[in-house]
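Novice: Take this structure, written in structure tokens, and hold onto it; I'll ask about it next.
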Amino acid sequence: MELLGTGALRKMEVALESPVQYKLRLDDDSLIDMNRLLGQPIALHFEGEINCLHCGRKTRKSFSQGYCYPCFTRLPQCDSCIVKPETCHFHEGTCRDPAWGERNCFAPHIVYLANSSGLKVGITRRSQIPTRWIDQGAVEALAILEVDNRLHSGLLEQIFAAHVSDKTNWRAMLKGDVPPVELEAERDRLLTLCAAEIDALKSEYGAEAIRNLSDQRAVRIEYPVLEYPHKIATFNLDKSPDVNGTLLGIKGQYLILDSGVINIRKFGAYRVRLSA
């Protein structure tokens, strides 16, 4: 096998084409075209070293997909409000890094519907569309509302989550048998169902705080998959340093091999060698 690269894992870079194009960046900053490896045997070896993606410190355990514990407890991108944006505490003066919060949380956010393992609601910065959809393995997605900050998007997500899931079943997503969903019809149904709660937020934050994206159409997403697995077996670099098999597909941030699947994002900061 030829060595393709060595370095710390990061989530794969994506481009919305037909199919989605995936590239893996390792330490030397070269981009490995993962699509061209489809149908080929590949080997991923964990070298036993984890270095924090922020400070570079060696750590025995990766927190929040790539950080050492001190960075995990101090960086704003690792705060609990990132996972639960409705708990944003910027207005209380307790944001871990107000400048970071202004750049990332006080930017336009989108509330969307997606079909990854069935209908779900989600939120993301406008600049992260369609990357966020691809990372979740959605086969179709639709932007439905736009707001000016992460807190408002989180409050809206909570409203919709009372009627539709806000999670992806990753096993169902990887099996590839995801029935189509009429996202435009679901948008109209949910907006009607949640109209009173949305109006209440508009009364509190202003009529222009929540903007309807009724002109948007669903985006269909095709992934580079030769064959979906019938049974899901997962690789865990913490238990075994070697991942070997023929690459049958890529979906979300998962590599699908004939011997199992691995979530690249889960092992952020793990130093690996990739060969094919």
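By order in the structure tokens, chains are A, B, ...; within a chain, residues start at 1; ligands start at 1, following the order shown.
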Hey, what's within 8 Å of region 153-165 of chain A if we count only C-alpha atoms and toss same-chain stuff fewer than 5 positions away? As a PyMOL selection string, please?
Specialist: chain A and resi 84-86+109-111+119-123+146-147+190+194+197-198
Novice: With N, CA and C atoms retained, write the just-selected residues as a short mmCIF file (atom, residue, chain, number, x, y, z; two decimals), in the first residue's frame.
Specialist:
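As a result, result26.cif now contains:
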data_model
loop_
_atom_site.label_atom_id
_atom_site.label_comp_id
_atom_site.auth_asym_id
_atom_site.auth_seq_id
_atom_site.Cartn_x
_atom_site.Cartn_y
_atom_site.Cartn_z
N LYS A 84 -26.82 23.21 23.26
CA LYS A 84 -28.17 23.66 23.63
C LYS A 84 -28.22 25.18 23.48
N PRO A 85 -28.38 25.69 22.26
CA PRO A 85 -28.30 27.14 22.02
C PRO A 85 -29.36 27.95 22.74
N GLU A 86 -30.46 27.31 23.12
CA GLU A 86 -31.50 28.03 23.85
C GLU A 86 -31.02 28.43 25.26
N HIS A 109 -28.51 32.77 11.36
CA HIS A 109 -28.70 31.34 11.54
C HIS A 109 -29.96 30.89 10.79
N ILE A 110 -29.92 29.64 10.38
CA ILE A 110 -31.02 29.05 9.62
C ILE A 110 -31.64 27.92 10.43
N VAL A 111 -32.97 27.90 10.47
CA VAL A 111 -33.70 26.74 10.97
C VAL A 111 -34.11 25.94 9.74
N LEU A 119 -37.60 12.54 9.05
CA LEU A 119 -37.73 13.99 9.19
C LEU A 119 -37.12 14.48 10.50
N LYS A 120 -36.33 15.55 10.44
CA LYS A 120 -35.78 16.17 11.64
C LYS A 120 -35.70 17.68 11.43
N VAL A 121 -35.64 18.40 12.55
CA VAL A 121 -35.41 19.84 12.51
C VAL A 121 -33.99 20.09 13.00
N GLY A 122 -33.36 21.14 12.47
CA GLY A 122 -32.01 21.48 12.90
C GLY A 122 -31.74 22.96 12.71
N ILE A 123 -30.60 23.41 13.24
CA ILE A 123 -30.19 24.80 13.07
C ILE A 123 -28.71 24.84 12.70
N GLU A 146 -35.05 32.15 8.93
CA GLU A 146 -33.76 32.78 9.19
C GLU A 146 -33.90 33.74 10.36
N VAL A 147 -32.88 33.74 11.23
CA VAL A 147 -32.84 34.66 12.38
C VAL A 147 -31.45 35.27 12.45
N LEU A 190 -45.78 22.32 9.81
CA LEU A 190 -45.16 22.70 11.08
C LEU A 190 -45.29 24.20 11.36
N CYS A 194 -47.12 25.49 14.66
CA CYS A 194 -46.34 26.24 15.65
C CYS A 194 -46.53 27.75 15.55
N GLU A 197 -46.66 29.92 18.87
CA GLU A 197 -45.38 30.04 19.58
C GLU A 197 -44.41 30.93 18.82
N ILE A 198 -44.43 30.85 17.49
CA ILE A 198 -43.55 31.70 16.68
C ILE A 198 -43.98 33.16 16.81
#
Novice: What does the distance from CA of Trp133 (chain A) to CA of Val243 (chain A) come to in Å, to one decimal?
Specialist: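 CA of Val243 (chain A) lies at a distance of 26.2 Å from CA of Trp133 (chain A).
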Novice: Give me the region 9-32 of chain A side of the contact with region 134-138 of chain A, cut-off 12 Å, one line per residue showing its nearest atom pair and distance in Å at one decimal, counting only C-alpha atoms, sorted by chain and residue number, as a Markdown table.
Specialist:
| residue | atom | partner | partner_atom | distance |
| --- | --- | --- | --- | --- |
| A:Lys11 | CA | A:Asp135 | CA | 8.8 |
| A:Met12 | CA | A:Asp135 | CA | 8.8 |
| A:Glu13 | CA | A:Asp135 | CA | 9.4 |
| A:Val14 | CA | A:Ile134 | CA | 7.6 |
| A:Ala15 | CA | A:Ile134 | CA | 8.7 |
| A:Leu16 | CA | A:Ile134 | CA | 8.0 |
| A:Glu17 | CA | A:Ile134 | CA | 10.8 |
| A:Pro19 | CA | A:Ile134 | CA | 10.9 |
| A:Val20 | CA | A:Ile134 | CA | 8.0 |
| A:Gln21 | CA | A:Ile134 | CA | 10.2 |
| A:Tyr22 | CA | A:Ile134 | CA | 10.2 |
Novice: Excluding region 54-60 of chain A and any residue of its chain fewer than 3 positions from it, enumerate the residues within 12 Å of it, using only C-alpha atoms, and give them as number ranges by chain.
Specialist: A: 8, 10, 27, 48-51, 63-72, 74-78, 238, 268-271
Novice: Compare A:Leu151, A:Ala107, A:Ile232, A:Leu24 by their minimum atom-to-atom distance to His91 (chain A), counting only C-alpha atoms, and give me the closest one.
Specialist: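 Counting only C-alpha atoms, the residue closest to His91 (chain A) is A:Leu151.
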Novice: Rounded to one decimal, what separation in Å do you get between CA of Arg217 (chain A) and CA of Asp177 (chain A)?
Specialist: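 Result for CA of Arg217 (chain A) versus CA of Asp177 (chain A): 22.7 Å, one decimal.
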Novice: What lies within 6 Å of Ser117 (chain A) using only C-alpha atoms, ignoring chain neighbours under 6 positions off, as a short mmCIF file (atom, residue, chain, number, x, y, z; two decimals) with N, CA and C atoms, in the first residue's frame?
Specialist:
data_model
loop_
_atom_site.label_atom_id
_atom_site.label_comp_id
_atom_site.auth_asym_id
_atom_site.auth_seq_id
_atom_site.Cartn_x
_atom_site.Cartn_y
_atom_site.Cartn_z
N THR A 168 -30.59 12.61 14.58
CA THR A 168 -30.41 11.67 13.47
C THR A 168 -30.11 10.29 14.02
N ASN A 169 -30.80 9.29 13.53
CA ASN A 169 -30.46 7.90 13.85
C ASN A 169 -29.35 7.49 12.90
N ALA A 172 -29.56 4.09 10.97
CA ALA A 172 -30.51 4.11 9.87
C ALA A 172 -29.97 4.94 8.71
N MET A 173 -29.31 6.07 9.04
CA MET A 173 -28.73 6.92 7.99
C MET A 173 -27.70 6.14 7.18
N VAL A 178 -33.60 5.29 3.26
CA VAL A 178 -34.31 6.41 3.89
C VAL A 178 -35.45 6.83 2.96
#
Novice: Show me, as a PyMOL selection string, the residues that have an atom within 10 Å of Tyr228 (chain A) when counting only C-alpha atoms, minus same-chain residues fewer than 2 positions from it.
Specialist: chain A and resi 173-177+225-226+230-232+248-251+256-258
Novice: Could you save the residues just selected, with N, CA and C atoms, as an mmCIF file, in the first residue's frame?
Specialist:
data_model
loop_
_atom_site.group_PDB
_atom_site.id
_atom_site.type_symbol
_atom_site.label_atom_id
_atom_site.label_comp_id
_atom_site.auth_asym_id
_atom_site.auth_seq_id
_atom_site.Cartn_x
_atom_site.Cartn_y
_atom_site.Cartn_z
ATOM 1 N N MET A 173 -29.314 6.071 9.037
ATOM 2 C CA MET A 173 -28.727 6.917 7.994
ATOM 3 C C MET A 173 -27.698 6.143 7.184
ATOM 4 N N LEU A 174 -26.884 5.329 7.853
ATOM 5 C CA LEU A 174 -25.816 4.609 7.155
ATOM 6 C C LEU A 174 -26.317 3.417 6.356
ATOM 7 N N LYS A 175 -27.487 2.896 6.689
ATOM 8 C CA LYS A 175 -28.020 1.772 5.928
ATOM 9 C C LYS A 175 -28.591 2.226 4.587
ATOM 10 N N GLY A 176 -28.844 3.530 4.458
ATOM 11 C CA GLY A 176 -29.177 4.088 3.151
ATOM 12 C C GLY A 176 -30.618 3.950 2.714
ATOM 13 N N ASP A 177 -31.420 3.199 3.454
ATOM 14 C CA ASP A 177 -32.817 3.004 3.060
ATOM 15 C C ASP A 177 -33.682 4.051 3.750
ATOM 16 N N VAL A 225 -21.509 6.394 -2.648
ATOM 17 C CA VAL A 225 -21.642 5.088 -1.990
ATOM 18 C C VAL A 225 -21.844 4.015 -3.052
ATOM 19 N N LEU A 226 -20.962 3.034 -3.046
ATOM 20 C CA LEU A 226 -21.103 1.901 -3.956
ATOM 21 C C LEU A 226 -22.060 0.863 -3.394
ATOM 22 N N HIS A 230 -25.544 -3.828 5.361
ATOM 23 C CA HIS A 230 -26.786 -4.408 5.872
ATOM 24 C C HIS A 230 -26.764 -4.443 7.396
ATOM 25 N N LYS A 231 -25.563 -4.615 7.938
ATOM 26 C CA LYS A 231 -25.377 -4.652 9.386
ATOM 27 C C LYS A 231 -24.268 -3.665 9.729
ATOM 28 N N ILE A 232 -24.469 -2.863 10.763
ATOM 29 C CA ILE A 232 -23.506 -1.818 11.117
ATOM 30 C C ILE A 232 -22.541 -2.325 12.185
ATOM 31 N N LEU A 248 -16.280 1.326 0.546
ATOM 32 C CA LEU A 248 -17.497 1.165 -0.248
ATOM 33 C C LEU A 248 -18.323 2.440 -0.340
ATOM 34 N N GLY A 249 -18.031 3.406 0.526
ATOM 35 C CA GLY A 249 -18.814 4.635 0.459
ATOM 36 C C GLY A 249 -18.421 5.627 1.532
ATOM 37 N N ILE A 250 -18.938 6.847 1.369
ATOM 38 C CA ILE A 250 -18.753 7.918 2.341
ATOM 39 C C ILE A 250 -20.100 8.629 2.477
ATOM 40 N N LYS A 251 -20.528 8.798 3.724
ATOM 41 C CA LYS A 251 -21.794 9.488 3.958
ATOM 42 C C LYS A 251 -21.722 10.185 5.308
ATOM 43 N N ILE A 256 -17.460 4.153 4.976
ATOM 44 C CA ILE A 256 -18.141 2.862 4.971
ATOM 45 C C ILE A 256 -17.231 1.850 4.291
ATOM 46 N N LEU A 257 -16.732 0.890 5.063
ATOM 47 C CA LEU A 257 -15.867 -0.151 4.534
ATOM 48 C C LEU A 257 -16.617 -1.477 4.535
ATOM 49 N N ASP A 258 -16.093 -2.459 3.791
ATOM 50 C CA ASP A 258 -16.733 -3.766 3.801
ATOM 51 C C ASP A 258 -16.560 -4.477 5.140
#
Novice: If I take CA of Lys239 (chain A) and CA of Ser62 (chain A), how far is one from the other in Å, to one decimal?
Specialist: 14.0 Å
Novice: As a ChimeraX atom specification, which residues of region 81-260 of chain A does DSSP assign to helix (DSSP H, G or I)?
Specialist: /A:81-83,85-87,90-92,98-104,126-128,131-135,150-161,170-175,183-193,195-205,207-209
Novice: In terms of the shortest atom-to-atom distance over only C-alpha atoms, which of A:Glu140, A:Asp215, A:Asp148, A:Asp199 is closest to Pro179 (chain A)?
Specialist: A:Glu140
Novice: Kindly indicate which residue among A:Glu222, A:His152, A:Cys95, A:Phe46 lies nearest to Gly206 (chain A), using only C-alpha atoms for the distances.
Specialist: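 Nearest to Gly206 (chain A): A:His152.
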Novice: May I ask which of the residues A:Gly245, A:Thr73, A:Met1, A:Asp79 is the closest one to Ser259 (chain A), counting only C-alpha atoms?
Specialist: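 Once distances to Ser259 (chain A) are computed over only C-alpha atoms, the minimum belongs to A:Gly245.
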Novice: Counting only C-alpha atoms, which residue out of A:Arg150, A:Arg265, A:Arg126, A:Arg103 sits closest to Thr87 (chain A)?
Specialist: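 Of A:Arg150, A:Arg265, A:Arg126, A:Arg103, the one nearest Thr87 (chain A) is A:Arg150, counting only C-alpha atoms.
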Novice: Can you work out which one of A:Arg36, A:Asp242, A:Cys52, A:Val83 has the shortest atom-to-atom distance to Leu274 (chain A), counting only C-alpha atoms?
Specialist: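 Looking at the shortest contact to Leu274 (chain A), the residue is A:Asp242.
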Novice: Could you produce a table of the residues of region 94-190 of chain A lying within 9 Å of region 211-214 of chain A, with the nearest pair of atoms per residue and their separation in Å rounded to one decimal, using only C-alpha atoms, ordered by chain and increasing residue number, as a tab-separated table?
Specialist:
residue	atom	partner	partner_atom	distance
A:Ala143	CA	A:Leu213	CA	6.7
A:Ile144	CA	A:Leu213	CA	5.0
A:Leu145	CA	A:Asn212	CA	4.8
A:Glu146	CA	A:Arg211	CA	5.1
A:Val147	CA	A:Arg211	CA	6.4
A:Glu184	CA	A:Ser214	CA	8.8
A:Arg187	CA	A:Ser214	CA	8.9
A:Asp188	CA	A:Ser214	CA	8.9
Novice: With C-alpha atoms retained, could you export that selection as an mmCIF file, in the first residue's frame?
Specialist:
data_model
loop_
_atom_site.group_PDB
_atom_site.id
_atom_site.type_symbol
_atom_site.label_atom_id
_atom_site.label_comp_id
_atom_site.auth_asym_id
_atom_site.auth_seq_id
_atom_site.Cartn_x
_atom_site.Cartn_y
_atom_site.Cartn_z
ATOM 1 C CA ALA A 143 -34.171 26.028 4.933
ATOM 2 C CA ILE A 144 -37.414 27.315 6.468
ATOM 3 C CA LEU A 145 -36.601 30.286 8.736
ATOM 4 C CA GLU A 146 -33.764 32.781 9.186
ATOM 5 C CA VAL A 147 -32.842 34.655 12.378
ATOM 6 C CA GLU A 184 -42.178 21.649 1.602
ATOM 7 C CA ARG A 187 -42.652 22.949 6.443
ATOM 8 C CA ASP A 188 -46.150 24.276 5.834
#
Novice: Report as a list in words all protein, DNA and RNA residues lying within 12 Å of Asn236 (chain A), evaluated on only C-alpha atoms, omitting residues in the same chain fewer than 3 positions from it.
Specialist: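 Answer for this query is Leu44, His45, Phe46, Ala233, Lys239, Ser240, Pro241, Asp242, Val243, Gly260, Val261, Ile262, Asn263, Ile264, Lys266, Phe267 and Tyr270 of chain A.
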Novice: Would you write out those residues with all heavy atoms, as a tab-separated table (two decimals), in the first residue's frame?
Specialist:
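What ended up in again.tsv:
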chain	number	residue	atom	x	y	z
A	44	LEU	N	-6.18	2.63	7.81
A	44	LEU	CA	-6.04	3.79	8.69
A	44	LEU	C	-5.44	3.28	10.00
A	44	LEU	O	-6.02	2.41	10.65
A	44	LEU	CB	-7.39	4.44	8.93
A	44	LEU	CG	-7.43	5.82	9.60
A	44	LEU	CD1	-6.92	6.89	8.64
A	44	LEU	CD2	-8.84	6.16	10.04
A	45	HIS	N	-4.27	3.81	10.37
A	45	HIS	CA	-3.60	3.34	11.58
A	45	HIS	C	-3.44	4.49	12.58
A	45	HIS	O	-2.87	5.53	12.25
A	45	HIS	CB	-2.22	2.76	11.25
A	45	HIS	CG	-1.42	2.39	12.47
A	45	HIS	ND1	-1.71	1.27	13.23
A	45	HIS	CD2	-0.36	3.00	13.07
A	45	HIS	CE1	-0.86	1.21	14.24
A	45	HIS	NE2	-0.04	2.25	14.18
A	46	PHE	N	-3.96	4.29	13.79
A	46	PHE	CA	-3.82	5.27	14.86
A	46	PHE	C	-2.46	5.09	15.51
A	46	PHE	O	-2.12	4.01	15.98
A	46	PHE	CB	-4.94	5.07	15.88
A	46	PHE	CG	-4.82	5.90	17.13
A	46	PHE	CD1	-4.38	7.22	17.08
A	46	PHE	CD2	-5.14	5.35	18.37
A	46	PHE	CE1	-4.27	7.97	18.25
A	46	PHE	CE2	-5.04	6.10	19.53
A	46	PHE	CZ	-4.59	7.41	19.47
A	233	ALA	N	-21.26	-2.40	11.82
A	233	ALA	CA	-20.20	-2.67	12.78
A	233	ALA	C	-19.28	-1.45	12.79
A	233	ALA	O	-18.95	-0.92	11.72
A	233	ALA	CB	-19.42	-3.93	12.39
A	239	LYS	N	-9.96	1.34	21.05
A	239	LYS	CA	-9.87	-0.08	21.37
A	239	LYS	C	-8.93	-0.83	20.43
A	239	LYS	O	-8.28	-1.80	20.81
A	239	LYS	CB	-11.26	-0.72	21.32
A	239	LYS	CG	-12.20	-0.18	22.39
A	239	LYS	CD	-13.56	-0.84	22.32
A	239	LYS	CE	-14.49	-0.32	23.42
A	239	LYS	NZ	-15.83	-0.95	23.36
A	240	SER	N	-8.89	-0.39	19.18
A	240	SER	CA	-8.02	-1.04	18.19
A	240	SER	C	-7.47	0.04	17.25
A	240	SER	O	-8.25	0.83	16.70
A	240	SER	CB	-8.80	-2.08	17.37
A	240	SER	OG	-7.97	-2.61	16.34
A	241	PRO	N	-6.15	0.08	17.06
A	241	PRO	CA	-5.55	1.18	16.28
A	241	PRO	C	-5.67	1.01	14.77
A	241	PRO	O	-5.32	1.94	14.03
A	241	PRO	CB	-4.08	1.14	16.71
A	241	PRO	CG	-3.83	-0.30	17.04
A	241	PRO	CD	-5.11	-0.80	17.65
A	242	ASP	N	-6.14	-0.14	14.30
A	242	ASP	CA	-6.12	-0.41	12.86
A	242	ASP	C	-7.52	-0.51	12.27
A	242	ASP	O	-8.39	-1.20	12.81
A	242	ASP	CB	-5.34	-1.69	12.56
A	242	ASP	CG	-3.85	-1.53	12.83
A	242	ASP	OD1	-3.25	-0.63	12.20
A	242	ASP	OD2	-3.32	-2.26	13.67
A	243	VAL	N	-7.70	0.19	11.16
A	243	VAL	CA	-8.93	0.12	10.37
A	243	VAL	C	-8.53	-0.32	8.98
A	243	VAL	O	-7.75	0.36	8.30
A	243	VAL	CB	-9.63	1.50	10.31
A	243	VAL	CG1	-10.82	1.45	9.36
A	243	VAL	CG2	-10.06	1.94	11.70
A	260	GLY	N	-16.66	-2.60	8.18
A	260	GLY	CA	-17.24	-1.79	9.23
A	260	GLY	C	-17.25	-0.32	8.85
A	260	GLY	O	-16.84	0.06	7.75
A	261	VAL	N	-17.69	0.53	9.77
A	261	VAL	CA	-17.75	1.97	9.51
A	261	VAL	C	-16.96	2.70	10.59
A	261	VAL	O	-16.80	2.22	11.71
A	261	VAL	CB	-19.20	2.49	9.48
A	261	VAL	CG1	-20.03	1.73	8.46
A	261	VAL	CG2	-19.85	2.41	10.87
A	262	ILE	N	-16.46	3.90	10.25
A	262	ILE	CA	-15.77	4.74	11.23
A	262	ILE	C	-16.21	6.18	11.06
A	262	ILE	O	-16.28	6.69	9.93
A	262	ILE	CB	-14.23	4.61	11.12
A	262	ILE	CG1	-13.57	5.50	12.20
A	262	ILE	CG2	-13.73	4.94	9.73
A	262	ILE	CD1	-12.09	5.25	12.37
A	263	ASN	N	-16.52	6.81	12.18
A	263	ASN	CA	-16.90	8.21	12.21
A	263	ASN	C	-15.64	9.05	12.34
A	263	ASN	O	-15.05	9.13	13.42
A	263	ASN	CB	-17.85	8.46	13.39
A	263	ASN	CG	-18.35	9.89	13.46
A	263	ASN	OD1	-17.91	10.76	12.71
A	263	ASN	ND2	-19.27	10.13	14.38
A	264	ILE	N	-15.21	9.67	11.26
A	264	ILE	CA	-13.98	10.45	11.27
A	264	ILE	C	-14.05	11.59	12.27
A	264	ILE	O	-13.09	11.88	13.00
A	264	ILE	CB	-13.68	11.00	9.85
A	264	ILE	CG1	-13.39	9.84	8.88
A	264	ILE	CG2	-12.51	11.97	9.88
A	264	ILE	CD1	-12.17	9.02	9.24
A	266	LYS	N	-15.60	11.79	15.09
A	266	LYS	CA	-15.51	11.33	16.47
A	266	LYS	C	-14.07	11.29	16.96
A	266	LYS	O	-13.80	11.49	18.15
A	266	LYS	CB	-16.15	9.95	16.60
A	266	LYS	CG	-16.07	9.35	17.99
A	266	LYS	CD	-16.72	7.99	18.05
A	266	LYS	CE	-16.60	7.38	19.44
A	266	LYS	NZ	-17.23	6.04	19.52
A	267	PHE	N	-13.13	11.02	16.03
A	267	PHE	CA	-11.75	10.85	16.42
A	267	PHE	C	-10.88	12.04	16.02
A	267	PHE	O	-9.71	11.90	15.67
A	267	PHE	CB	-11.21	9.54	15.83
A	267	PHE	CG	-11.94	8.33	16.35
A	267	PHE	CD1	-12.90	7.69	15.57
A	267	PHE	CD2	-11.71	7.87	17.64
A	267	PHE	CE1	-13.59	6.59	16.07
A	267	PHE	CE2	-12.41	6.78	18.14
A	267	PHE	CZ	-13.35	6.13	17.35
A	270	TYR	N	-6.84	12.66	16.65
A	270	TYR	CA	-6.07	11.42	16.70
A	270	TYR	C	-5.06	11.41	15.55
A	270	TYR	O	-5.43	11.64	14.40
A	270	TYR	CB	-6.99	10.20	16.56
A	270	TYR	CG	-7.80	9.87	17.80
A	270	TYR	CD1	-8.61	10.81	18.42
A	270	TYR	CD2	-7.75	8.60	18.35
A	270	TYR	CE1	-9.35	10.51	19.55
A	270	TYR	CE2	-8.49	8.27	19.48
A	270	TYR	CZ	-9.28	9.24	20.07
A	270	TYR	OH	-10.01	8.92	21.18
